[in-house]
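Okay, protein-v1.pdb now, which holds PDB, C-alpha atoms, pLDDT in the B column:
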ATOM      1  CA  MET V1380      40.613 107.787 199.053  1.00 49.00           C
ATOM      2  CA  THR V1381      43.858 109.383 200.205  1.00 51.00           C
ATOM      3  CA  LEU V1382      46.575 107.049 201.430  1.00 49.00           C
ATOM      4  CA  GLN V1383      48.803 108.039 204.326  1.00 54.00           C
ATOM      5  CA  TYR V1384      52.378 106.852 204.738  1.00 54.00           C
ATOM      6  CA  ASP V1385      51.382 104.765 207.756  1.00 57.00           C
ATOM      7  CA  ASP V1386      48.468 103.153 205.887  1.00 72.00           C
ATOM      8  CA  PRO V1387      48.631  99.326 205.906  1.00 80.00           C
ATOM      9  CA  ILE V1388      48.235  99.231 202.115  1.00 81.00           C
ATOM     10  CA  VAL V1389      51.217 101.557 201.666  1.00 82.00           C
ATOM     11  CA  GLU V1390      53.206  99.373 204.052  1.00 86.00           C
ATOM     12  CA  LEU V1391      52.183  96.243 202.143  1.00 86.00           C
ATOM     13  CA  TYR V1392      53.210  97.920 198.892  1.00 87.00           C
ATOM     14  CA  ARG V1393      56.616  98.951 200.271  1.00 88.00           C
ATOM     15  CA  GLU V1394      57.216  95.499 201.672  1.00 90.00           C
ATOM     16  CA  SER V1395      56.084  93.535 198.604  1.00 89.00           C
ATOM     17  CA  PHE V1396      56.888  95.479 195.458  1.00 90.00           C
ATOM     18  CA  PRO V1397      60.713  95.273 195.591  1.00 91.00           C
ATOM     19  CA  ASP V1398      60.520  91.461 195.876  1.00 91.00           C
ATOM     20  CA  PHE V1399      58.121  91.284 192.944  1.00 89.00           C
ATOM     21  CA  ALA V1400      60.216  93.630 190.796  1.00 90.00           C
ATOM     22  CA  ARG V1401      63.298  91.452 191.413  1.00 91.00           C
ATOM     23  CA  MET V1402      61.333  88.322 190.502  1.00 89.00           C
ATOM     24  CA  VAL V1403      60.081  89.879 187.242  1.00 88.00           C
ATOM     25  CA  ARG V1404      63.582  91.052 186.355  1.00 89.00           C
ATOM     26  CA  ARG V1405      64.960  87.526 186.935  1.00 88.00           C
ATOM     27  CA  MET V1406      62.237  86.186 184.636  1.00 86.00           C
ATOM     28  CA  GLY V1407      63.170  88.628 181.853  1.00 85.00           C
ATOM     29  CA  GLY V1408      60.594  91.347 182.486  1.00 85.00           C
ATOM     30  CA  SER V1409      60.950  95.079 182.812  1.00 87.00           C
ATOM     31  CA  LEU V1410      60.292  97.432 185.707  1.00 88.00           C
ATOM     32  CA  GLU V1411      57.273  98.865 183.854  1.00 87.00           C
ATOM     33  CA  GLU V1412      55.789  95.388 183.430  1.00 87.00           C
ATOM     34  CA  ALA V1413      56.369  94.731 187.112  1.00 88.00           C
ATOM     35  CA  LYS V1414      54.658  97.978 188.100  1.00 88.00           C
ATOM     36  CA  ASP V1415      51.659  97.330 185.840  1.00 87.00           C
ATOM     37  CA  SER V1416      51.141  93.779 187.055  1.00 87.00           C
ATOM     38  CA  PHE V1417      51.704  94.680 190.691  1.00 88.00           C
ATOM     39  CA  HIS V1418      49.217  97.542 190.515  1.00 87.00           C
ATOM     40  CA  ASP V1419      46.663  95.224 188.910  1.00 86.00           C
ATOM     41  CA  ALA V1420      47.203  92.728 191.728  1.00 85.00           C
ATOM     42  CA  LEU V1421      46.882  95.460 194.346  1.00 85.00           C
ATOM     43  CA  LEU V1422      43.572  96.537 192.817  1.00 85.00           C
ATOM     44  CA  ILE V1423      42.348  92.935 192.883  1.00 85.00           C
ATOM     45  CA  TYR V1424      43.417  92.661 196.520  1.00 85.00           C
ATOM     46  CA  LEU V1425      41.648  95.894 197.476  1.00 85.00           C
ATOM     47  CA  GLU V1426      38.495  95.065 195.512  1.00 82.00           C
ATOM     48  CA  LYS V1427      38.212  91.592 197.032  1.00 83.00           C
ATOM     49  CA  GLY V1428      38.819  93.060 200.473  1.00 82.00           C
ATOM     50  CA  LYS V1429      36.125  95.677 199.910  1.00 82.00           C
ATOM     51  CA  THR V1430      33.535  93.123 198.754  1.00 82.00           C
ATOM     52  CA  GLY V1431      34.419  90.614 201.470  1.00 82.00           C
ATOM     53  CA  LYS V1432      35.624  87.989 198.986  1.00 83.00           C
ATOM     54  CA  LEU V1433      39.259  88.057 200.108  1.00 82.00           C
ATOM     55  CA  GLN V1434      40.158  84.673 201.564  1.00 81.00           C
ATOM     56  CA  LEU V1435      43.788  84.539 202.613  1.00 81.00           C
ATOM     57  CA  GLN V1436      45.429  81.130 202.973  1.00 81.00           C
ATOM     58  CA  SER V1437      48.735  82.828 203.821  1.00 81.00           C
ATOM     59  CA  SER V1438      50.023  86.342 204.439  1.00 87.00           C
ATOM     60  CA  PRO V1439      48.741  89.393 202.537  1.00 88.00           C
ATOM     61  CA  LYS V1440      52.223  89.739 201.012  1.00 88.00           C
ATOM     62  CA  ALA V1441      52.200  86.152 199.704  1.00 88.00           C
ATOM     63  CA  TYR V1442      48.698  86.632 198.277  1.00 87.00           C
ATOM     64  CA  LEU V1443      49.704  89.870 196.586  1.00 88.00           C
ATOM     65  CA  LEU V1444      52.940  88.428 195.152  1.00 88.00           C
ATOM     66  CA  GLY V1445      51.098  85.365 193.847  1.00 87.00           C
ATOM     67  CA  THR V1446      48.360  87.451 192.261  1.00 87.00           C
ATOM     68  CA  ALA V1447      50.910  89.836 190.736  1.00 87.00           C
ATOM     69  CA  LYS V1448      52.852  86.921 189.266  1.00 87.00           C
ATOM     70  CA  ILE V1449      49.680  85.511 187.713  1.00 86.00           C
ATOM     71  CA  CYS V1450      48.844  88.952 186.285  1.00 84.00           C
ATOM     72  CA  TRP V1451      52.344  89.309 184.881  1.00 84.00           C
ATOM     73  CA  LEU V1452      52.413  85.834 183.323  1.00 84.00           C
ATOM     74  CA  HIS V1453      48.960  86.370 181.831  1.00 80.00           C
ATOM     75  CA  THR V1454      50.006  89.710 180.357  1.00 76.00           C
ATOM     76  CA  ARG V1455      53.231  88.218 178.966  1.00 75.00           C
ATOM     77  CA  LYS V1456      51.387  85.336 177.366  1.00 70.00           C
ATOM     78  CA  LYS V1457      48.533  87.386 175.954  1.00 58.00           C
ATOM     79  CA  GLY V1458      50.340  90.563 175.039  1.00 52.00           C
ATOM     80  CA  ALA V1459      53.447  89.176 173.393  1.00 46.00           C
ATOM     81  CA  MET V1460      54.806  91.920 171.216  1.00 44.00           C
ATOM     82  CA  LEU V1461      56.608  91.743 167.921  1.00 39.00           C
ATOM     83  CA  SER V1462      60.255  91.045 168.542  1.00 43.00           C
ATOM     84  CA  LEU V1463      61.959  93.720 166.510  1.00 41.00           C
ATOM     85  CA  PRO V1464      65.590  93.773 165.444  1.00 42.00           C
ATOM     86  CA  GLU V1465      68.202  94.942 167.901  1.00 45.00           C
ATOM     87  CA  GLY V1466      68.521  98.697 167.950  1.00 43.00           C
ATOM     88  CA  PHE V1467      64.886  99.226 166.971  1.00 41.00           C
ATOM     89  CA  GLU V1468      63.469 100.100 170.379  1.00 43.00           C
ATOM     90  CA  ALA V1469      59.856 100.923 170.970  1.00 41.00           C
ATOM     91  CA  ALA V1470      59.300 104.633 170.668  1.00 39.00           C
ATOM     92  CA  THR V1471      57.953 106.580 173.608  1.00 41.00           C
ATOM     93  CA  PRO V1472      55.592 109.545 173.232  1.00 43.00           C
ATOM     94  CA  GLU V1473      58.303 112.017 174.176  1.00 45.00           C
ATOM     95  CA  ASP V1474      60.714 110.439 171.688  1.00 48.00           C
ATOM     96  CA  PRO V1475      61.076 112.825 168.707  1.00 50.00           C
ATOM     97  CA  ASP V1476      61.430 109.870 166.327  1.00 55.00           C
ATOM     98  CA  THR V1477      58.123 108.290 167.367  1.00 57.00           C
ATOM     99  CA  GLU V1478      56.240 109.076 164.180  1.00 66.00           C
ATOM    100  CA  GLU V1479      59.153 108.008 161.988  1.00 70.00           C
ATOM    101  CA  ARG V1480      59.532 104.675 163.797  1.00 69.00           C
ATOM    102  CA  GLU V1481      55.805 104.015 163.723  1.00 69.00           C
ATOM    103  CA  GLN V1482      55.773 104.755 160.006  1.00 72.00           C
ATOM    104  CA  LYS V1483      58.707 102.375 159.389  1.00 76.00           C
ATOM    105  CA  LEU V1484      56.903  99.608 161.261  1.00 75.00           C
ATOM    106  CA  LEU V1485      53.625 100.252 159.435  1.00 76.00           C
ATOM    107  CA  ASP V1486      55.418 100.265 156.070  1.00 78.00           C
ATOM    108  CA  ALA V1487      57.172  97.000 156.924  1.00 78.00           C
ATOM    109  CA  LEU V1488      53.883  95.418 157.981  1.00 79.00           C
ATOM    110  CA  GLN V1489      52.184  96.525 154.768  1.00 79.00           C
ATOM    111  CA  LYS V1490      55.063  95.288 152.594  1.00 82.00           C
ATOM    112  CA  SER V1491      54.863  91.883 154.273  1.00 82.00           C
ATOM    113  CA  GLY V1492      51.577  91.318 152.432  1.00 85.00           C
ATOM    114  CA  LYS V1493      47.887  91.394 153.188  1.00 87.00           C
ATOM    115  CA  LYS V1494      47.745  87.836 154.521  1.00 89.00           C
ATOM    116  CA  CYS V1495      50.691  88.414 156.882  1.00 86.00           C
ATOM    117  CA  LEU V1496      49.227  91.690 158.068  1.00 84.00           C
ATOM    118  CA  GLU V1497      45.879  90.035 158.787  1.00 87.00           C
ATOM    119  CA  LEU V1498      47.512  87.049 160.498  1.00 87.00           C
ATOM    120  CA  LEU V1499      49.680  89.226 162.742  1.00 83.00           C
ATOM    121  CA  LYS V1500      46.710  91.465 163.532  1.00 83.00           C
ATOM    122  CA  ALA V1501      44.631  88.414 164.488  1.00 84.00           C
ATOM    123  CA  PHE V1502      47.329  87.135 166.810  1.00 82.00           C
ATOM    124  CA  TYR V1503      48.707  90.311 168.396  1.00 76.00           C
ATOM    125  CA  TYR V1504      45.775  92.699 168.275  1.00 74.00           C
ATOM    126  CA  ASP V1505      42.721  90.428 168.372  1.00 79.00           C
ATOM    127  CA  HIS V1506      44.459  87.876 170.673  1.00 84.00           C
ATOM    128  CA  CYS V1507      43.165  84.918 168.622  1.00 85.00           C
ATOM    129  CA  SER V1508      44.486  81.464 169.464  1.00 88.00           C
ATOM    130  CA  MET V1509      46.663  79.647 166.956  1.00 88.00           C
ATOM    131  CA  ASP V1510      43.886  77.066 166.506  1.00 91.00           C
ATOM    132  CA  HIS V1511      41.454  79.836 165.596  1.00 92.00           C
ATOM    133  CA  ILE V1512      43.994  81.391 163.226  1.00 91.00           C
ATOM    134  CA  ALA V1513      44.602  78.005 161.571  1.00 92.00           C
ATOM    135  CA  GLY V1514      40.898  77.637 160.845  1.00 93.00           C
ATOM    136  CA  ARG V1515      40.423  81.238 159.780  1.00 92.00           C
ATOM    137  CA  PHE V1516      43.352  81.259 157.352  1.00 93.00           C
ATOM    138  CA  GLY V1517      42.963  77.688 156.075  1.00 94.00           C
ATOM    139  CA  PHE V1518      46.107  76.160 157.579  1.00 92.00           C
ATOM    140  CA  LYS V1519      46.255  72.424 158.320  1.00 91.00           C
ATOM    141  CA  GLY V1520      46.618  73.012 162.022  1.00 90.00           C
ATOM    142  CA  ARG V1521      48.064  74.988 164.891  1.00 88.00           C
ATOM    143  CA  ARG V1522      51.675  74.144 163.974  1.00 89.00           C
ATOM    144  CA  SER V1523      51.233  75.365 160.398  1.00 89.00           C
ATOM    145  CA  ALA V1524      49.723  78.599 161.681  1.00 88.00           C
ATOM    146  CA  THR V1525      52.641  79.059 164.089  1.00 87.00           C
ATOM    147  CA  VAL V1526      55.173  78.510 161.308  1.00 88.00           C
ATOM    148  CA  GLN V1527      53.353  80.974 159.061  1.00 90.00           C
ATOM    149  CA  LYS V1528      53.252  83.577 161.851  1.00 87.00           C
ATOM    150  CA  TYR V1529      57.009  83.138 162.297  1.00 86.00           C
ATOM    151  CA  LYS V1530      57.564  83.586 158.554  1.00 88.00           C
ATOM    152  CA  CYS V1531      55.471  86.756 158.603  1.00 86.00           C
ATOM    153  CA  LEU V1532      57.498  88.145 161.500  1.00 82.00           C
ATOM    154  CA  GLU V1533      60.686  87.363 159.611  1.00 85.00           C
ATOM    155  CA  LYS V1534      59.338  89.259 156.578  1.00 86.00           C
ATOM    156  CA  VAL V1535      58.633  92.283 158.779  1.00 83.00           C
ATOM    157  CA  ARG V1536      62.064  92.071 160.448  1.00 81.00           C
ATOM    158  CA  GLU V1537      63.790  91.783 157.090  1.00 83.00           C
ATOM    159  CA  GLU V1538      61.841  94.734 155.702  1.00 82.00           C
ATOM    160  CA  ILE V1539      62.859  96.844 158.711  1.00 78.00           C
ATOM    161  CA  LYS V1540      66.513  95.852 158.241  1.00 78.00           C
ATOM    162  CA  ILE V1541      66.344  96.812 154.558  1.00 77.00           C
ATOM    163  CA  THR V1542      64.713 100.138 155.406  1.00 71.00           C
ATOM    164  CA  GLU V1543      67.354 100.901 158.033  1.00 71.00           C
ATOM    165  CA  THR V1544      70.179  99.902 155.679  1.00 70.00           C
ATOM    166  CA  TYR V1545      68.978 102.304 152.973  1.00 67.00           C
ATOM    167  CA  ALA V1546      68.450 105.063 155.535  1.00 62.00           C
ATOM    168  CA  GLN V1547      72.125 105.004 156.534  1.00 59.00           C
TER     169      GLN V1547
END
Would you mind writing the file's structure down as structure tokens?
Amino acid sequence: MTLQYDDPIVELYRESFPDFARMVRRMGGSLEEAKDSFHDALLIYLEKGKTGKLQLQSSPKAYLLGTAKICWLHTRKKGAMLSLPEGFEAATPEDPDTEEREQKLLDALQKSGKKCLELLKAFYYDHCSMDHIAGRFGFKGRRSATVQKYKCLEKVREEIKITETYAQ
């Protein structure tokens, strides 16, 4: 399917995306997050339109913005990333320090201990709920699991700081 500049979908995209990107930025998100969520919403819109399941209660723009917001909030909630110390940005594939940064993070995770590594993996990689983690790791409840996850993150952050201090 080749889209033309006068295609209604292209027009809808041009009309809607800037508003959504501004909204995401105001809510603390990045342009990349906005693009990803908006594209997901556009695919949902197109797929529902194709199958005849699209039921608009308002304008196509409002539907698309609402769907994109839901996608973005869902992604933010589910895909929360480790909050690393300031100055330790995520490496991009074209970044020459990618391997070094990945190795530092892996080393810090390993030094945090097996239990911390497994807990963080369960939360961030396996997307387990805190209730599930509490049961799996033998914590009294959700709150205890949350506190332990925080402590594990602090161990990783501290290990990264130590590594960076010795590297300088």
- To verify the selection step, state as a ChimeraX atom specification which residues the PyMOL selection byres ((chain V and resi 1491) around 8) yields on this input. /V:1487-1490,1492-1493,1495-1496,1531,1534-1535,1538
Please produce a file of those selected residues containing C-alpha atoms, as a PDB file, in the coordinates of the input.
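Output below, filename again-v3.pdb:
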ATOM      1  CA  ALA V1487      57.172  97.000 156.924  1.00 78.00           C
ATOM      2  CA  LEU V1488      53.883  95.418 157.981  1.00 79.00           C
ATOM      3  CA  GLN V1489      52.184  96.525 154.768  1.00 79.00           C
ATOM      4  CA  LYS V1490      55.063  95.288 152.594  1.00 82.00           C
ATOM      5  CA  GLY V1492      51.577  91.318 152.432  1.00 85.00           C
ATOM      6  CA  LYS V1493      47.887  91.394 153.188  1.00 87.00           C
ATOM      7  CA  CYS V1495      50.691  88.414 156.882  1.00 86.00           C
ATOM      8  CA  LEU V1496      49.227  91.690 158.068  1.00 84.00           C
ATOM      9  CA  CYS V1531      55.471  86.756 158.603  1.00 86.00           C
ATOM     10  CA  LYS V1534      59.338  89.259 156.578  1.00 86.00           C
ATOM     11  CA  VAL V1535      58.633  92.283 158.779  1.00 83.00           C
ATOM     12  CA  GLU V1538      61.841  94.734 155.702  1.00 82.00           C
TER      13      GLU V1538
END
- Any idea what's packed within 8 Å of segment 1434-1445 of chain V, counting only C-alpha atoms, ignoring anything in its chain fewer than 5 positions away? Could you give it as a PyMOL selection string? chain V and resi 1391+1394-1395+1399+1417+1420-1421+1424
Could the residues in this selection be written to a file with C-alpha atoms, as a PDB file, keeping the file's coordinate frame?
ATOM      1  CA  LEU V1391      52.183  96.243 202.143  1.00 86.00           C
ATOM      2  CA  GLU V1394      57.216  95.499 201.672  1.00 90.00           C
ATOM      3  CA  SER V1395      56.084  93.535 198.604  1.00 89.00           C
ATOM      4  CA  PHE V1399      58.121  91.284 192.944  1.00 89.00           C
ATOM      5  CA  PHE V1417      51.704  94.680 190.691  1.00 88.00           C
ATOM      6  CA  ALA V1420      47.203  92.728 191.728  1.00 85.00           C
ATOM      7  CA  LEU V1421      46.882  95.460 194.346  1.00 85.00           C
ATOM      8  CA  TYR V1424      43.417  92.661 196.520  1.00 85.00           C
TER       9      TYR V1424
END
- If we count only C-alpha atoms, what is near Asp1419 of chain V at a cut-off of 12 Å, once residues fewer than 2 positions away on the same chain are taken out, given as number ranges by chain? V: 1412-1417, 1421-1426, 1443-1451, 1453-1454
- Item | atom CA of Phe1502 of chain V to atom CA of Ile1541 of chain V, distance in Å rounded to a single decimal | 24.6 Å
- Message: Could you list, as a PyMOL selection string, every residue matched by the PyMOL selection byres ((chain V and resi 1497-1499) around 10) in this structure?
- Response: chain V and resi 1461+1488-1489+1492-1496+1500-1507+1509+1512-1513+1515-1516+1524+1527-1529+1531-1532
- Item | atom CA of Thr1525 of chain V to atom CA of Leu1452 of chain V, distance in Å rounded to a single decimal |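 Atom CA of Thr1525 of chain V sits 20.4 Å away from atom CA of Leu1452 of chain V.
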- Task: Could you tell me how far atom CA of Thr1542 of chain V lies from atom CA of Lys1483 of chain V, in Å and to one decimal?
- Result: 7.5 Å
- Item | Residues near Asp1510 of chain V, cut-off 7 Å, all atoms listed in the file, skip fewer than 3 positions along chain, as a VMD selection string | chain V and resid 1513 to 1514 1520 to 1521
Please, could all heavy atoms be added to segment 1420-1431 of chain V and the result written as an mmCIF file, in the frame of the given file?
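New file result.cif:
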data_model
loop_
_atom_site.group_PDB
_atom_site.id
_atom_site.type_symbol
_atom_site.label_atom_id
_atom_site.label_comp_id
_atom_site.auth_asym_id
_atom_site.auth_seq_id
_atom_site.Cartn_x
_atom_site.Cartn_y
_atom_site.Cartn_z
ATOM 1 N N ALA V 1420 47.386 93.640 190.600
ATOM 2 C CA ALA V 1420 47.203 92.728 191.728
ATOM 3 C C ALA V 1420 46.746 93.480 192.974
ATOM 4 O O ALA V 1420 45.886 92.997 193.718
ATOM 5 C CB ALA V 1420 48.507 91.986 192.012
ATOM 6 N N LEU V 1421 47.286 94.655 193.192
ATOM 7 C CA LEU V 1421 46.882 95.460 194.346
ATOM 8 C C LEU V 1421 45.411 95.862 194.236
ATOM 9 O O LEU V 1421 44.672 95.821 195.222
ATOM 10 C CB LEU V 1421 47.778 96.693 194.465
ATOM 11 C CG LEU V 1421 47.697 97.488 195.759
ATOM 12 C CD1 LEU V 1421 48.007 96.624 196.971
ATOM 13 C CD2 LEU V 1421 48.640 98.667 195.717
ATOM 14 N N LEU V 1422 44.994 96.202 193.024
ATOM 15 C CA LEU V 1422 43.572 96.537 192.817
ATOM 16 C C LEU V 1422 42.682 95.328 193.071
ATOM 17 O O LEU V 1422 41.609 95.458 193.679
ATOM 18 C CB LEU V 1422 43.353 97.072 191.399
ATOM 19 C CG LEU V 1422 43.901 98.456 191.130
ATOM 20 C CD1 LEU V 1422 43.778 98.800 189.647
ATOM 21 C CD2 LEU V 1422 43.181 99.502 191.972
ATOM 22 N N ILE V 1423 43.111 94.164 192.628
ATOM 23 C CA ILE V 1423 42.348 92.935 192.883
ATOM 24 C C ILE V 1423 42.252 92.697 194.387
ATOM 25 O O ILE V 1423 41.179 92.397 194.923
ATOM 26 C CB ILE V 1423 43.001 91.728 192.171
ATOM 27 C CG1 ILE V 1423 42.831 91.869 190.656
ATOM 28 C CG2 ILE V 1423 42.419 90.412 192.677
ATOM 29 C CD1 ILE V 1423 43.676 90.907 189.839
ATOM 30 N N TYR V 1424 43.361 92.839 195.065
ATOM 31 C CA TYR V 1424 43.417 92.661 196.520
ATOM 32 C C TYR V 1424 42.445 93.619 197.231
ATOM 33 O O TYR V 1424 41.654 93.215 198.074
ATOM 34 C CB TYR V 1424 44.849 92.891 196.996
ATOM 35 C CG TYR V 1424 45.043 92.787 198.487
ATOM 36 C CD1 TYR V 1424 45.229 91.561 199.096
ATOM 37 C CD2 TYR V 1424 45.053 93.927 199.280
ATOM 38 C CE1 TYR V 1424 45.422 91.464 200.462
ATOM 39 C CE2 TYR V 1424 45.236 93.837 200.646
ATOM 40 C CZ TYR V 1424 45.424 92.602 201.236
ATOM 41 O OH TYR V 1424 45.606 92.510 202.589
ATOM 42 N N LEU V 1425 42.517 94.892 196.848
ATOM 43 C CA LEU V 1425 41.648 95.894 197.476
ATOM 44 C C LEU V 1425 40.172 95.644 197.164
ATOM 45 O O LEU V 1425 39.316 95.758 198.042
ATOM 46 C CB LEU V 1425 42.048 97.301 197.023
ATOM 47 C CG LEU V 1425 43.396 97.797 197.516
ATOM 48 C CD1 LEU V 1425 43.782 99.095 196.820
ATOM 49 C CD2 LEU V 1425 43.376 97.973 199.033
ATOM 50 N N GLU V 1426 39.882 95.300 195.912
ATOM 51 C CA GLU V 1426 38.495 95.065 195.512
ATOM 52 C C GLU V 1426 37.912 93.853 196.232
ATOM 53 O O GLU V 1426 36.782 93.897 196.724
ATOM 54 C CB GLU V 1426 38.423 94.868 193.984
ATOM 55 C CG GLU V 1426 37.028 94.802 193.450
ATOM 56 C CD GLU V 1426 36.231 96.080 193.649
ATOM 57 O OE1 GLU V 1426 36.807 97.185 193.599
ATOM 58 O OE2 GLU V 1426 35.023 95.968 193.889
ATOM 59 N N LYS V 1427 38.689 92.781 196.320
ATOM 60 C CA LYS V 1427 38.212 91.592 197.032
ATOM 61 C C LYS V 1427 38.034 91.881 198.519
ATOM 62 O O LYS V 1427 37.101 91.391 199.142
ATOM 63 C CB LYS V 1427 39.152 90.413 196.813
ATOM 64 C CG LYS V 1427 39.000 89.797 195.448
ATOM 65 C CD LYS V 1427 39.728 88.477 195.361
ATOM 66 C CE LYS V 1427 39.399 87.837 194.031
ATOM 67 N NZ LYS V 1427 39.746 86.429 194.010
ATOM 68 N N GLY V 1428 38.949 92.675 199.072
ATOM 69 C CA GLY V 1428 38.819 93.060 200.473
ATOM 70 C C GLY V 1428 37.571 93.889 200.706
ATOM 71 O O GLY V 1428 36.851 93.703 201.692
ATOM 72 N N LYS V 1429 37.288 94.790 199.801
ATOM 73 C CA LYS V 1429 36.125 95.677 199.910
ATOM 74 C C LYS V 1429 34.806 94.904 199.816
ATOM 75 O O LYS V 1429 33.850 95.209 200.517
ATOM 76 C CB LYS V 1429 36.196 96.726 198.801
ATOM 77 C CG LYS V 1429 35.149 97.792 198.862
ATOM 78 C CD LYS V 1429 35.370 98.794 197.737
ATOM 79 C CE LYS V 1429 34.288 99.854 197.740
ATOM 80 N NZ LYS V 1429 34.487 100.811 196.634
ATOM 81 N N THR V 1430 34.769 93.890 198.945
ATOM 82 C CA THR V 1430 33.535 93.123 198.754
ATOM 83 C C THR V 1430 33.420 91.931 199.705
ATOM 84 O O THR V 1430 32.429 91.215 199.668
ATOM 85 C CB THR V 1430 33.433 92.603 197.295
ATOM 86 O OG1 THR V 1430 34.549 91.764 197.028
ATOM 87 C CG2 THR V 1430 33.369 93.748 196.307
ATOM 88 N N GLY V 1431 34.448 91.716 200.514
ATOM 89 C CA GLY V 1431 34.419 90.614 201.470
ATOM 90 C C GLY V 1431 34.750 89.260 200.853
ATOM 91 O O GLY V 1431 34.504 88.223 201.464
#
